[in-house]
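Structure data follow from coords-v5.cif (mmCIF, C-alpha atoms and all ligand atoms):
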```cif
data_entry
#
loop_
_atom_site.label_atom_id
_atom_site.label_comp_id
_atom_site.auth_asym_id
_atom_site.auth_seq_id
_atom_site.Cartn_x
_atom_site.Cartn_y
_atom_site.Cartn_z
CA ILE A 12 23.65 -5.36 26.97
CA GLU A 13 22.93 -9.05 26.67
CA ARG A 14 19.49 -8.26 25.29
CA ASP A 15 20.92 -5.83 22.73
CA GLU A 16 23.36 -8.44 21.48
CA LYS A 17 20.57 -10.93 21.08
CA THR A 18 18.45 -8.46 19.14
CA HIS A 19 21.35 -7.60 16.87
CA SER A 20 22.13 -11.17 15.96
CA GLU A 21 18.42 -11.76 15.32
CA GLU A 22 18.47 -8.72 13.05
CA ASP A 23 21.49 -10.07 11.16
CA ALA A 24 19.85 -13.47 10.75
CA LYS A 25 16.76 -11.78 9.33
CA ALA A 26 18.85 -9.70 6.93
CA LEU A 27 20.60 -12.86 5.69
CA GLU A 28 17.27 -14.60 5.22
CA ILE A 29 15.90 -11.73 3.15
CA ARG A 30 19.06 -11.55 1.07
CA LYS A 31 18.30 -15.05 -0.26
CA SER A 32 15.29 -13.59 -2.09
CA TYR A 33 17.40 -11.05 -4.02
CA LYS A 34 17.93 -13.66 -6.74
CA GLY A 35 16.39 -12.43 -9.97
CA TYR A 36 16.40 -8.77 -8.98
CA GLU A 37 20.07 -8.10 -9.82
CA ASP A 38 19.32 -5.86 -12.78
CA GLY A 39 17.68 -3.10 -10.79
CA ILE A 40 14.40 -1.27 -11.18
CA ARG A 41 12.61 -0.10 -14.30
CA LYS A 42 12.66 3.67 -14.88
CA ARG A 43 10.17 4.02 -17.75
CA LEU A 44 7.32 2.25 -19.49
CA LYS A 45 7.35 1.59 -23.26
CA LEU A 46 4.71 4.31 -23.67
CA ASP A 47 5.54 7.96 -22.93
CA ALA A 48 1.91 9.01 -22.82
CA ASP A 49 -1.32 7.08 -22.68
CA ASN A 50 -3.97 7.72 -25.28
CA ARG A 51 -6.88 6.17 -23.46
CA PRO A 52 -10.11 7.29 -25.14
CA LYS A 53 -11.50 10.23 -23.17
CA VAL A 54 -14.91 9.14 -21.93
CA SER A 55 -17.06 11.07 -19.49
CA LEU A 56 -17.10 9.27 -16.13
CA TRP A 57 -20.48 10.74 -15.27
CA GLY A 58 -21.97 9.60 -18.59
CA ILE A 59 -21.23 5.99 -17.65
CA LEU A 60 -21.59 6.17 -13.87
CA LYS A 61 -24.83 8.15 -13.55
CA SER A 62 -26.95 5.02 -13.88
CA MET A 63 -24.95 3.25 -11.14
CA ILE A 64 -25.66 5.39 -8.07
CA GLY A 65 -25.76 3.26 -4.92
CA LYS A 66 -23.59 0.48 -6.37
CA ASP A 67 -20.20 -0.67 -5.19
CA MET A 68 -17.32 -0.90 -7.60
CA THR A 69 -17.18 -4.71 -7.66
CA LYS A 70 -20.72 -4.73 -9.13
CA MET A 71 -19.87 -2.42 -12.03
CA THR A 72 -18.74 -3.41 -15.48
CA LEU A 73 -16.69 -0.49 -16.71
CA PRO A 74 -14.88 -0.08 -20.04
CA VAL A 75 -11.21 -1.00 -19.79
CA SER A 76 -10.30 2.57 -20.75
CA PHE A 77 -11.23 3.45 -17.13
CA ASN A 78 -8.38 1.22 -15.96
CA GLU A 79 -4.76 1.90 -15.22
CA PRO A 80 -2.14 -0.82 -15.86
CA THR A 81 -1.92 -1.72 -12.17
CA SER A 82 -3.67 -4.25 -10.02
CA LEU A 83 -5.15 -3.81 -6.55
CA LEU A 84 -2.16 -5.93 -5.44
CA TYR A 85 0.19 -3.28 -6.82
CA ARG A 86 -1.77 -0.55 -5.05
CA VAL A 87 -0.89 -2.25 -1.77
CA VAL A 88 2.84 -2.48 -2.60
CA GLU A 89 2.74 1.21 -3.40
CA ASP A 90 2.53 1.78 0.35
CA MET A 91 6.20 0.68 0.45
CA GLU A 92 7.48 3.76 -1.37
CA TYR A 93 8.63 5.51 1.81
CA THR A 94 9.90 2.64 3.98
CA ASP A 95 13.00 4.77 4.67
CA LEU A 96 10.81 6.38 7.37
CA LEU A 97 10.55 3.02 9.14
CA ASN A 98 14.34 2.70 9.09
CA VAL A 99 14.64 6.22 10.53
CA ALA A 100 12.07 5.31 13.21
CA ALA A 101 14.11 2.26 14.21
CA GLU A 102 17.17 4.45 14.79
CA ARG A 103 15.45 6.85 17.23
CA THR A 104 15.99 6.10 20.91
CA ASP A 105 12.85 7.95 22.12
CA SER A 106 9.68 5.93 21.52
CA THR A 107 7.46 8.99 20.95
CA GLU A 108 9.91 10.12 18.28
CA ARG A 109 9.70 6.68 16.69
CA LEU A 110 5.94 7.10 16.61
CA VAL A 111 6.32 10.43 14.79
CA TYR A 112 8.15 8.64 11.95
CA VAL A 113 5.85 5.61 11.92
CA ALA A 114 2.88 7.99 11.62
CA GLY A 115 4.78 9.81 8.86
CA PHE A 116 5.02 6.49 7.05
CA ALA A 117 1.29 5.81 7.50
CA ALA A 118 0.51 9.25 6.05
CA SER A 119 3.03 8.89 3.20
CA GLU A 120 0.85 6.18 1.70
CA TYR A 121 -1.47 8.80 0.18
CA ALA A 122 0.86 10.86 -2.00
CA SER A 123 0.64 8.27 -4.77
CA THR A 124 -3.15 8.72 -5.12
CA ILE A 125 -2.83 12.18 -6.70
CA GLY A 126 -4.01 12.20 -10.32
CA ARG A 127 -4.86 8.49 -10.26
CA VAL A 128 -8.56 8.56 -11.19
CA ALA A 129 -8.48 5.11 -12.75
CA LYS A 130 -9.47 1.62 -11.84
CA PRO A 131 -6.76 -0.91 -10.97
CA PHE A 132 -7.40 -4.46 -12.26
CA ASN A 133 -9.17 -6.81 -9.87
CA PRO A 134 -6.90 -9.65 -8.73
CA LEU A 135 -8.09 -13.20 -9.40
CA LEU A 136 -8.53 -15.52 -6.46
CA GLY A 137 -5.12 -16.94 -5.53
CA GLU A 138 -3.26 -14.34 -7.60
CA THR A 139 0.03 -13.35 -5.96
CA TYR A 140 2.75 -10.76 -6.25
CA GLU A 141 6.30 -10.69 -4.94
CA TYR A 142 8.44 -7.56 -4.92
CA VAL A 143 12.01 -7.41 -3.70
CA ARG A 144 14.22 -4.34 -3.33
CA PRO A 145 17.85 -5.32 -2.71
CA ASP A 146 18.73 -1.61 -2.77
CA LEU A 147 16.27 -0.89 0.07
CA GLY A 148 16.63 -4.16 1.97
CA TYR A 149 13.08 -5.46 1.97
CA ARG A 150 10.86 -8.12 0.42
CA PHE A 151 7.09 -7.98 -0.02
CA PHE A 152 4.47 -10.62 -0.77
CA ILE A 153 0.70 -10.48 -1.29
CA GLU A 154 -1.98 -13.04 -2.13
CA GLN A 155 -5.63 -12.50 -3.07
CA VAL A 156 -7.24 -14.66 -0.38
CA THR A 157 -10.96 -14.07 -0.98
CA HIS A 158 -12.95 -12.81 -3.97
CA HIS A 159 -16.29 -11.85 -2.35
CA PRO A 160 -15.39 -9.52 -0.73
CA PRO A 161 -12.07 -8.94 -2.48
CA VAL A 162 -9.27 -9.22 0.09
CA GLY A 163 -5.51 -9.22 -0.41
CA ALA A 164 -3.28 -10.38 2.46
CA ALA A 165 0.23 -8.91 2.51
CA TYR A 166 3.49 -9.40 4.38
CA ALA A 167 6.61 -7.24 4.03
CA GLU A 168 9.84 -7.68 5.92
CA SER A 169 13.17 -6.01 6.47
CA ALA A 170 15.96 -6.37 9.04
CA LYS A 171 14.38 -3.75 11.30
CA TRP A 172 10.67 -4.24 10.72
CA ASP A 173 7.81 -6.46 9.54
CA TYR A 174 4.69 -4.85 8.08
CA TYR A 175 1.56 -6.84 7.30
CA GLY A 176 -2.19 -6.63 7.00
CA GLU A 177 -5.11 -7.02 4.68
CA SER A 178 -6.38 -4.78 1.95
CA ALA A 179 -10.17 -4.99 1.93
CA VAL A 180 -12.07 -2.02 0.60
CA LYS A 181 -15.79 -1.30 0.78
CA SER A 182 -16.83 1.04 -2.00
CA LYS A 183 -19.98 2.94 -2.87
CA PHE A 184 -20.89 5.41 -5.56
CA TYR A 185 -23.04 8.29 -4.25
CA GLY A 186 -23.15 10.43 -7.39
CA LYS A 187 -21.55 13.42 -5.70
CA SER A 188 -18.63 11.18 -4.73
CA PHE A 189 -17.28 7.66 -5.06
CA GLU A 190 -16.14 6.44 -1.62
CA PHE A 191 -13.53 3.77 -0.90
CA ASN A 192 -13.45 2.67 2.70
CA PRO A 193 -10.55 0.40 3.72
CA LEU A 194 -11.50 -2.03 6.49
CA GLY A 195 -8.35 -3.93 7.40
CA THR A 196 -5.82 -3.25 10.15
CA TRP A 197 -2.13 -2.76 9.31
CA PHE A 198 0.45 -4.12 11.75
CA LEU A 199 4.06 -3.02 12.12
CA HIS A 200 6.67 -4.78 14.23
CA LEU A 201 9.56 -2.39 14.69
CA ARG A 202 12.93 -3.51 16.06
CA PRO A 203 14.57 -0.34 17.36
CA ALA A 204 18.38 -0.17 17.38
CA SER A 205 18.15 0.40 21.13
CA GLY A 206 16.70 -3.10 21.59
CA GLY A 207 13.36 -4.88 21.93
CA GLU A 208 10.46 -5.07 19.53
CA GLU A 209 7.35 -2.89 19.35
CA LEU A 210 3.95 -3.45 17.75
CA TYR A 211 2.15 -0.57 16.02
CA THR A 212 -1.25 -0.71 14.29
CA TRP A 213 -3.41 1.62 12.23
CA LYS A 214 -6.29 1.60 9.79
CA LYS A 215 -6.45 3.58 6.58
CA VAL A 216 -8.64 6.60 6.04
CA THR A 217 -11.27 6.93 3.31
CA SER A 218 -10.29 7.62 -0.27
CA SER A 219 -12.89 9.28 -2.46
CA VAL A 220 -13.29 10.62 -5.95
CA VAL A 221 -15.08 13.95 -6.10
CA GLY A 222 -15.93 16.20 -9.06
CA ILE A 223 -17.30 13.41 -11.23
CA ILE A 224 -20.47 15.32 -12.15
CA THR A 225 -18.61 18.48 -13.12
CA GLY A 226 -16.18 16.51 -15.26
CA ASN A 227 -13.14 17.32 -13.13
CA PRO A 228 -12.62 14.18 -11.03
CA VAL A 229 -9.93 14.26 -8.33
CA VAL A 230 -8.93 11.85 -5.58
CA ASP A 231 -9.25 13.01 -1.98
CA ASN A 232 -8.33 11.22 1.26
CA TYR A 233 -10.03 12.12 4.51
CA GLY A 234 -10.78 10.88 8.00
CA LEU A 235 -9.18 10.17 11.36
CA MET A 236 -6.26 7.82 11.73
CA GLU A 237 -5.00 6.39 14.98
CA VAL A 238 -1.46 5.00 14.95
CA LYS A 239 -1.04 3.08 18.15
CA ASN A 240 2.09 1.72 19.81
CA TRP A 241 0.78 -1.32 21.72
CA THR A 242 4.09 -1.83 23.49
CA THR A 243 4.29 1.62 25.13
CA GLY A 244 0.64 2.75 25.02
CA GLU A 245 1.55 5.88 23.04
CA VAL A 246 -0.79 7.02 20.27
CA CYS A 247 -0.58 9.35 17.28
CA TYR A 248 -3.89 10.92 16.19
CA LEU A 249 -3.95 12.21 12.61
CA ASP A 250 -6.77 14.15 10.99
CA PHE A 251 -6.91 14.13 7.19
CA LYS A 252 -9.17 17.06 6.27
CA ALA A 253 -11.67 16.58 3.47
CA LYS A 254 -11.18 18.87 0.49
CA GLY A 255 -13.86 21.45 1.13
CA TRP A 256 -14.80 24.61 -0.70
CA LYS A 257 -11.72 26.38 0.59
CA ALA A 258 -8.64 25.46 -1.42
CA SER A 259 -6.55 25.87 1.74
CA SER A 260 -7.99 22.74 3.37
CA ALA A 261 -6.96 20.51 0.46
CA TYR A 262 -4.44 17.79 1.37
CA GLN A 263 -4.19 19.07 4.97
CA VAL A 264 -3.20 16.63 7.67
CA SER A 265 -2.61 17.51 11.31
CA GLY A 266 -2.30 15.69 14.58
CA ARG A 267 -0.39 14.92 17.72
CA VAL A 268 1.55 12.21 19.51
CA VAL A 269 0.48 11.57 23.10
CA ASP A 270 2.19 9.50 25.77
CA LYS A 271 0.39 6.74 27.64
CA THR A 272 -1.13 9.23 30.09
CA GLY A 273 -2.61 11.23 27.20
CA ARG A 274 -0.14 14.10 27.49
CA THR A 275 0.89 15.64 24.14
CA ARG A 276 4.54 15.35 23.14
CA TRP A 277 4.64 16.25 19.45
CA SER A 278 2.41 18.15 17.06
CA ILE A 279 2.27 17.13 13.43
CA GLY A 280 1.13 19.09 10.39
CA GLY A 281 1.50 19.46 6.67
CA ARG A 282 0.06 18.19 3.40
CA TRP A 283 -0.08 14.55 2.43
CA ASN A 284 0.64 15.37 -1.21
CA ASP A 285 3.81 17.29 -0.40
CA LYS A 286 5.52 17.60 3.01
CA ILE A 287 4.75 16.71 6.62
CA TYR A 288 6.44 18.32 9.65
CA ALA A 289 6.59 17.67 13.37
CA ARG A 290 7.25 19.98 16.29
CA TYR A 291 8.16 19.28 19.89
CA THR A 292 5.23 20.58 21.95
CA PRO A 293 5.44 19.03 25.43
CA GLY A 294 2.12 19.36 27.21
CA TYR A 295 0.28 21.34 24.51
CA GLU A 296 -0.78 20.96 20.89
CA ALA A 297 0.16 23.69 18.43
CA SER A 298 -0.06 24.44 14.75
CA VAL A 299 2.90 23.30 12.75
CA GLU A 300 4.26 25.79 10.24
CA PRO A 301 7.17 24.92 7.95
CA PRO A 302 10.41 26.07 9.60
CA THR A 303 11.57 29.55 8.60
CA GLY A 304 15.18 29.18 9.61
CA GLU A 305 14.89 32.40 11.63
CA LYS A 306 14.62 31.13 15.16
CA PRO A 307 16.20 27.72 15.40
CA GLY A 308 15.34 25.98 18.62
CA LYS A 309 13.87 22.91 20.16
CA ASP A 310 10.29 23.98 19.37
CA GLN A 311 11.03 24.64 15.69
CA ALA A 312 9.21 22.35 13.24
CA PHE A 313 11.29 19.84 11.28
CA LEU A 314 10.56 17.88 8.14
CA ILE A 315 9.63 14.23 8.63
CA TRP A 316 8.50 13.32 5.11
CA GLU A 317 8.58 14.75 1.63
CA ALA A 318 6.86 13.34 -1.49
CA HIS A 319 9.08 12.15 -4.31
CA PRO A 320 8.80 14.27 -7.48
CA ARG A 321 6.29 13.25 -10.17
CA PRO A 322 8.22 13.63 -13.43
CA THR A 323 6.38 14.06 -16.73
CA GLY A 324 6.70 11.44 -19.43
CA ILE A 325 5.14 8.68 -17.34
CA PRO A 326 1.73 7.61 -18.68
CA PHE A 327 -1.41 6.98 -16.59
CA ASN A 328 -0.12 9.47 -13.96
CA LEU A 329 1.84 6.63 -12.37
CA THR A 330 4.53 7.45 -9.83
CA PRO A 331 8.12 6.41 -10.61
CA PHE A 332 7.70 3.78 -7.87
CA ALA A 333 4.56 2.34 -9.54
CA VAL A 334 6.48 2.10 -12.82
CA THR A 335 8.82 -0.48 -11.25
CA LEU A 336 6.01 -2.89 -10.31
CA ASN A 337 4.83 -4.65 -13.49
CA ASP A 338 8.36 -5.26 -14.75
CA ILE A 339 9.66 -8.79 -15.52
CA PRO A 340 13.45 -8.70 -15.82
CA ASP A 341 14.78 -11.72 -17.75
CA ARG A 342 16.69 -12.94 -14.72
CA LEU A 343 13.55 -12.92 -12.58
CA ARG A 344 11.20 -14.69 -14.98
CA PRO A 345 12.35 -18.28 -14.21
CA PHE A 346 11.71 -17.83 -10.45
CA LEU A 347 8.25 -16.24 -10.63
CA ALA A 348 5.28 -18.20 -9.29
CA PRO A 349 2.76 -19.02 -12.07
CA THR A 350 0.19 -17.03 -10.06
CA ASP A 351 2.29 -13.83 -10.14
CA THR A 352 0.24 -10.87 -11.35
CA ARG A 353 3.12 -9.75 -13.58
CA LEU A 354 2.12 -12.60 -15.89
CA ARG A 355 -1.42 -11.31 -16.52
CA PRO A 356 -1.78 -10.59 -20.24
CA ASP A 357 -4.55 -8.01 -19.78
CA GLN A 358 -2.46 -5.81 -17.48
CA ARG A 359 0.51 -6.19 -19.82
CA ALA A 360 -1.61 -5.15 -22.83
CA MET A 361 -2.96 -2.15 -20.90
CA GLU A 362 0.58 -1.06 -20.07
CA LEU A 363 1.48 -1.25 -23.76
CA GLY A 364 -1.55 0.82 -24.75
CA GLU A 365 -3.29 -2.12 -26.48
CA TYR A 366 -6.68 -1.38 -24.92
CA ASP A 367 -8.86 -3.59 -27.14
CA PHE A 368 -6.61 -6.60 -26.57
CA ALA A 369 -6.57 -5.78 -22.83
CA ALA A 370 -10.38 -5.93 -22.79
CA VAL A 371 -10.45 -9.29 -24.61
CA GLU A 372 -7.86 -10.81 -22.27
CA LYS A 373 -9.49 -9.41 -19.14
CA ASN A 374 -12.71 -11.06 -20.19
CA ARG A 375 -10.91 -14.34 -20.87
CA VAL A 376 -9.07 -14.57 -17.50
CA GLU A 377 -12.25 -13.62 -15.61
CA GLU A 378 -14.27 -16.23 -17.50
CA SER A 379 -11.81 -18.98 -16.63
CA GLN A 380 -11.93 -17.83 -13.00
CA ARG A 381 -15.71 -18.33 -13.11
CA ALA A 382 -15.23 -21.78 -14.66
CA ARG A 383 -12.82 -22.72 -11.85
CA ARG A 384 -15.34 -21.57 -9.26
CA ARG A 385 -18.11 -23.68 -10.84
CA MET A 386 -15.76 -26.70 -10.82
CA ARG A 387 -15.06 -26.17 -7.12
CA GLU A 388 -18.76 -25.80 -6.38
CA ALA A 389 -19.60 -28.96 -8.31
CA LYS A 390 -17.04 -30.89 -6.26
CA GLY A 391 -18.23 -29.27 -3.04
CA GLU A 392 -14.79 -27.76 -2.47
CA GLU A 393 -13.81 -24.40 -1.10
CA PHE A 394 -10.91 -22.22 -2.13
CA VAL A 395 -8.06 -22.33 0.39
CA PRO A 396 -5.41 -19.59 0.22
CA LYS A 397 -1.97 -21.06 -0.32
CA TRP A 398 0.27 -18.74 1.70
CA PHE A 399 -1.89 -17.21 4.44
CA GLN A 400 -4.27 -18.59 7.03
CA LYS A 401 -6.89 -16.94 9.21
CA ALA A 402 -5.83 -16.53 12.83
CA LYS A 403 -6.51 -14.50 15.94
CA HIS A 404 -3.89 -11.81 16.48
CA PRO A 405 -1.82 -12.66 19.58
CA VAL A 406 -1.72 -9.02 20.77
CA THR A 407 -4.79 -7.20 19.47
CA GLY A 408 -7.12 -10.21 19.44
CA GLU A 409 -8.50 -9.34 16.00
CA GLU A 410 -8.97 -11.88 13.26
CA TYR A 411 -6.24 -11.41 10.64
CA TRP A 412 -4.41 -13.19 7.82
CA ASP A 413 -1.33 -14.89 9.20
CA PHE A 414 1.56 -15.33 6.73
CA ARG A 415 2.80 -18.93 6.93
CA HIS A 416 6.35 -17.93 5.92
CA GLU A 417 6.42 -20.65 3.26
CA TYR A 418 6.47 -18.60 0.07
CA TRP A 419 10.09 -17.45 0.18
CA LYS A 420 11.31 -20.91 1.19
CA VAL A 421 9.58 -22.51 -1.80
CA ARG A 422 10.88 -19.76 -4.05
CA GLU A 423 14.42 -20.42 -2.87
CA ASP A 424 14.04 -24.11 -3.66
CA VAL A 425 12.62 -23.24 -7.08
CA ALA A 426 15.57 -20.92 -7.72
CA GLU A 427 17.98 -23.70 -6.76
CA GLY A 428 16.19 -26.17 -9.03
CA LYS A 429 15.14 -28.35 -6.08
CA THR A 430 11.44 -28.11 -6.79
CA SER A 431 8.95 -26.45 -9.10
CA TRP A 432 6.00 -24.16 -8.23
CA GLU A 433 3.47 -26.79 -9.22
CA GLN A 434 4.39 -29.10 -6.30
C1 LIG B 501 -6.84 3.08 -1.07
C2 LIG B 501 -5.91 2.48 -0.03
C3 LIG B 501 -6.25 1.02 0.22
C4 LIG B 501 -6.21 0.23 -1.05
C5 LIG B 501 -7.08 0.87 -2.10
C6 LIG B 501 -8.00 0.10 -2.70
C7 LIG B 501 -8.89 0.62 -3.75
C8 LIG B 501 -8.37 1.90 -4.40
C9 LIG B 501 -8.01 2.88 -3.29
C10 LIG B 501 -6.86 2.32 -2.38
C11 LIG B 501 -7.67 4.27 -3.87
C12 LIG B 501 -8.72 4.78 -4.84
C13 LIG B 501 -9.00 3.79 -5.98
C14 LIG B 501 -9.44 2.49 -5.27
C15 LIG B 501 -9.98 1.63 -6.40
C16 LIG B 501 -10.57 2.62 -7.39
C17 LIG B 501 -10.22 4.03 -6.88
C18 LIG B 501 -7.74 3.59 -6.83
C19 LIG B 501 -5.51 2.45 -3.08
C20 LIG B 501 -10.12 5.00 -8.08
C21 LIG B 501 -9.69 6.38 -7.68
C22 LIG B 501 -11.50 5.04 -8.74
C23 LIG B 501 -11.50 5.69 -10.10
C24 LIG B 501 -12.91 5.85 -10.61
C25 LIG B 501 -13.33 4.72 -11.59
C26 LIG B 501 -14.79 4.49 -11.62
C27 LIG B 501 -12.85 5.05 -12.97
O1 LIG B 501 -5.34 0.46 1.13
#
```

Output the structure of this file as structure tokens.
Ligand code: CLR
Amino acid sequence: IERDEKTHSEEDAKALEIRKSYKGYEDGIRKRLKLDADNRPKVSLWGILKSMIGKDMTKMTLPVSFNEPTSLLYRVVEDMEYTDLLNVAAERTDSTERLVYVAGFAASEYASTIGRVAKPFNPLLGETYEYVRPDLGYRFFIEQVTHHPPVGAAYAESAKWDYYGESAVKSKFYGKSFEFNPLGTWFLHLRPASGGEELYTWKKVTSSVVGIITGNPVVDNYGLMEVKNWTTGEVCYLDFKAKGWKASSAYQVSGRVVDKTGRTRWSIGGRWNDKIYARYTPGYEASVEPPTGEKPGKDQAFLIWEAHPRPTGIPFNLTPFAVTLNDIPDRLRPFLAPTDTRLRPDQRAMELGEYDFAAVEKNRVEESQRARRRMREAKGEEFVPKWFQKAKHPVTGEEYWDFRHEYWKVREDVAEGKTSWEQ
């Protein structure tokens, strides 16, 4: 009981801390963009890409009409769309059940990729993004910490969990497909209502664009994912099936949760673009069919996650969640760091459908980034990230980007007029 009380007051302290960052977000989220439909010129991907087989995306200069008005920083925040699953996980008293929901969260990160065959803008070195959801009780921060290779380090926190990691993607164009292979580990510290704290980790599966040659490009996600609870030794294995010739294998994901002795407890199945279910299968793995309602019982499958609807009238095939990201409410503007990606004129122009201006501005900000690099080189200096530092992970032993927990403190001082961002 003593331990529970301690955990609860720690949780309250954390909630209070996060609440301080709500300043500026009082007016709620954006529901629409100015544009109802994008009129990006329709260019054949294959026509442009066919001469670039074997290259990675960072080595390609592509027309801005291939872009969407997001940044790779925003693509990382998009993983936060279904954090309600983490809150559900924290409420479960059985650790294998918690793992079912944590794995559901890890798999939910793919629904937003549907229909998004477009290139997000490349963050500049030191570019940042903050995103706070008072309605959902979390804050998120990311900084572009290296440019070659491009890496963004992120840290999100809520009363019941902290979620952090790095987004570093290796890409290669094969002609038949364009592959995006995420390298970083994602870490989740979950504080269950029943007490204690658990560490979970996983790595993302491969995203790829297929159908470029035939002129019908679609995004697929495939590979094996291992969501591991380091505290209990339990693991969830998920298999994202590649879209093959059979339409039935499209979007399929299946897997199981095993206890620390390797014995199966739950089976998981469904489609990452739609719904994912779990079923209690102690000692065996079984297929998971959506529940029929006919024979309710302990072995009946139940829904763990469902994709939010994708309404029409949103350009660039963005999700309603993605629409909220590039917004600058008037009340927020004075608190934003000068490095915040919301302030990039090229992304703003893209969002407004001003593609030529977007191209000019993109060129300008990238040129001045090159000039800054040459200045550093001339002075023999190296870029040092402002908010993260490299460290060895205390539990897994991997090298990772450690958040120094300074950003929100400085922001609070800025909001109270005690300092400015330039200090
Ligand atoms: C996958 C999940 C990672 C972060 C990440 C980084 C790069 C993204 C990738 C995700 C999804 C696919 C992606 C890619 C960059 C470009 C590519 C958006 C979100 C699109 C589909 C490529 C379009 C083809 C162009 C040549 C036009 O954590």

**Request:** Neighbourhood query: residues within 8 Å of (0.1, 13.2, 21.0), file coordinates, counting only C-alpha atoms; return as a PyMOL selection string.
**Result:** chain A and resi 245-248+266-270+273-278+296

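Nearest to A:Pro145 of all the residues A:Ser188, A:Thr335, A:Ser32, A:Thr72 is A:Ser32, based on only C-alpha atoms.
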
**Request:** Name the residues, by chain letter and number, that sit within 9 Å of ligand LIG 501 (chain B) using all atoms listed in the file, and give them as a ChimeraX atom specification.
**Result:** /A:56,59-60,68,71,73-74,76-79,83-87,89-90,120-121,123-124,126-132,177-182,184,189-195,214-220,223,228-232

Saved selection, atoms kept: C-alpha atoms, as an mmCIF file, in the frame of the given file:
```cif
data_model
loop_
_atom_site.group_PDB
_atom_site.id
_atom_site.type_symbol
_atom_site.label_atom_id
_atom_site.label_comp_id
_atom_site.auth_asym_id
_atom_site.auth_seq_id
_atom_site.Cartn_x
_atom_site.Cartn_y
_atom_site.Cartn_z
ATOM 1 C CA LEU A 56 -17.100 9.270 -16.130
ATOM 2 C CA ILE A 59 -21.230 5.990 -17.650
ATOM 3 C CA LEU A 60 -21.590 6.170 -13.870
ATOM 4 C CA MET A 68 -17.320 -0.900 -7.600
ATOM 5 C CA MET A 71 -19.870 -2.420 -12.030
ATOM 6 C CA LEU A 73 -16.690 -0.490 -16.710
ATOM 7 C CA PRO A 74 -14.880 -0.080 -20.040
ATOM 8 C CA SER A 76 -10.300 2.570 -20.750
ATOM 9 C CA PHE A 77 -11.230 3.450 -17.130
ATOM 10 C CA ASN A 78 -8.380 1.220 -15.960
ATOM 11 C CA GLU A 79 -4.760 1.900 -15.220
ATOM 12 C CA LEU A 83 -5.150 -3.810 -6.550
ATOM 13 C CA LEU A 84 -2.160 -5.930 -5.440
ATOM 14 C CA TYR A 85 0.190 -3.280 -6.820
ATOM 15 C CA ARG A 86 -1.770 -0.550 -5.050
ATOM 16 C CA VAL A 87 -0.890 -2.250 -1.770
ATOM 17 C CA GLU A 89 2.740 1.210 -3.400
ATOM 18 C CA ASP A 90 2.530 1.780 0.350
ATOM 19 C CA GLU A 120 0.850 6.180 1.700
ATOM 20 C CA TYR A 121 -1.470 8.800 0.180
ATOM 21 C CA SER A 123 0.640 8.270 -4.770
ATOM 22 C CA THR A 124 -3.150 8.720 -5.120
ATOM 23 C CA GLY A 126 -4.010 12.200 -10.320
ATOM 24 C CA ARG A 127 -4.860 8.490 -10.260
ATOM 25 C CA VAL A 128 -8.560 8.560 -11.190
ATOM 26 C CA ALA A 129 -8.480 5.110 -12.750
ATOM 27 C CA LYS A 130 -9.470 1.620 -11.840
ATOM 28 C CA PRO A 131 -6.760 -0.910 -10.970
ATOM 29 C CA PHE A 132 -7.400 -4.460 -12.260
ATOM 30 C CA GLU A 177 -5.110 -7.020 4.680
ATOM 31 C CA SER A 178 -6.380 -4.780 1.950
ATOM 32 C CA ALA A 179 -10.170 -4.990 1.930
ATOM 33 C CA VAL A 180 -12.070 -2.020 0.600
ATOM 34 C CA LYS A 181 -15.790 -1.300 0.780
ATOM 35 C CA SER A 182 -16.830 1.040 -2.000
ATOM 36 C CA PHE A 184 -20.890 5.410 -5.560
ATOM 37 C CA PHE A 189 -17.280 7.660 -5.060
ATOM 38 C CA GLU A 190 -16.140 6.440 -1.620
ATOM 39 C CA PHE A 191 -13.530 3.770 -0.900
ATOM 40 C CA ASN A 192 -13.450 2.670 2.700
ATOM 41 C CA PRO A 193 -10.550 0.400 3.720
ATOM 42 C CA LEU A 194 -11.500 -2.030 6.490
ATOM 43 C CA GLY A 195 -8.350 -3.930 7.400
ATOM 44 C CA LYS A 214 -6.290 1.600 9.790
ATOM 45 C CA LYS A 215 -6.450 3.580 6.580
ATOM 46 C CA VAL A 216 -8.640 6.600 6.040
ATOM 47 C CA THR A 217 -11.270 6.930 3.310
ATOM 48 C CA SER A 218 -10.290 7.620 -0.270
ATOM 49 C CA SER A 219 -12.890 9.280 -2.460
ATOM 50 C CA VAL A 220 -13.290 10.620 -5.950
ATOM 51 C CA ILE A 223 -17.300 13.410 -11.230
ATOM 52 C CA PRO A 228 -12.620 14.180 -11.030
ATOM 53 C CA VAL A 229 -9.930 14.260 -8.330
ATOM 54 C CA VAL A 230 -8.930 11.850 -5.580
ATOM 55 C CA ASP A 231 -9.250 13.010 -1.980
ATOM 56 C CA ASN A 232 -8.330 11.220 1.260
#
```

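For the pair atom CA of A:Gly176 and atom CA of A:Glu92, the interatomic distance is 16.5 Å.
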
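If you look at atom CA of A:Phe327 and atom CA of A:Tyr36, they are 25.0 Å away from each other.
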
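The gap separating atom CA of A:Lys286 from atom CA of A:Tyr174 is 23.0 Å, in Å to one decimal.
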
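Using all atoms listed in the file, the nearest neighbour of A:Ser431 within the list A:Gly255, A:Pro356, A:Gly65, A:Pro345 is A:Pro345.
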
**Request:** With a distance cut-off of 10 Å and only C-alpha atoms, select the neighbouring residues of A:Arg344, excluding the residue or stretch itself and same-chain residues fewer than 3 positions from it, and output the selection as a PyMOL selection string.
**Result:** chain A and resi 35-36+338-341+347-349+353-354
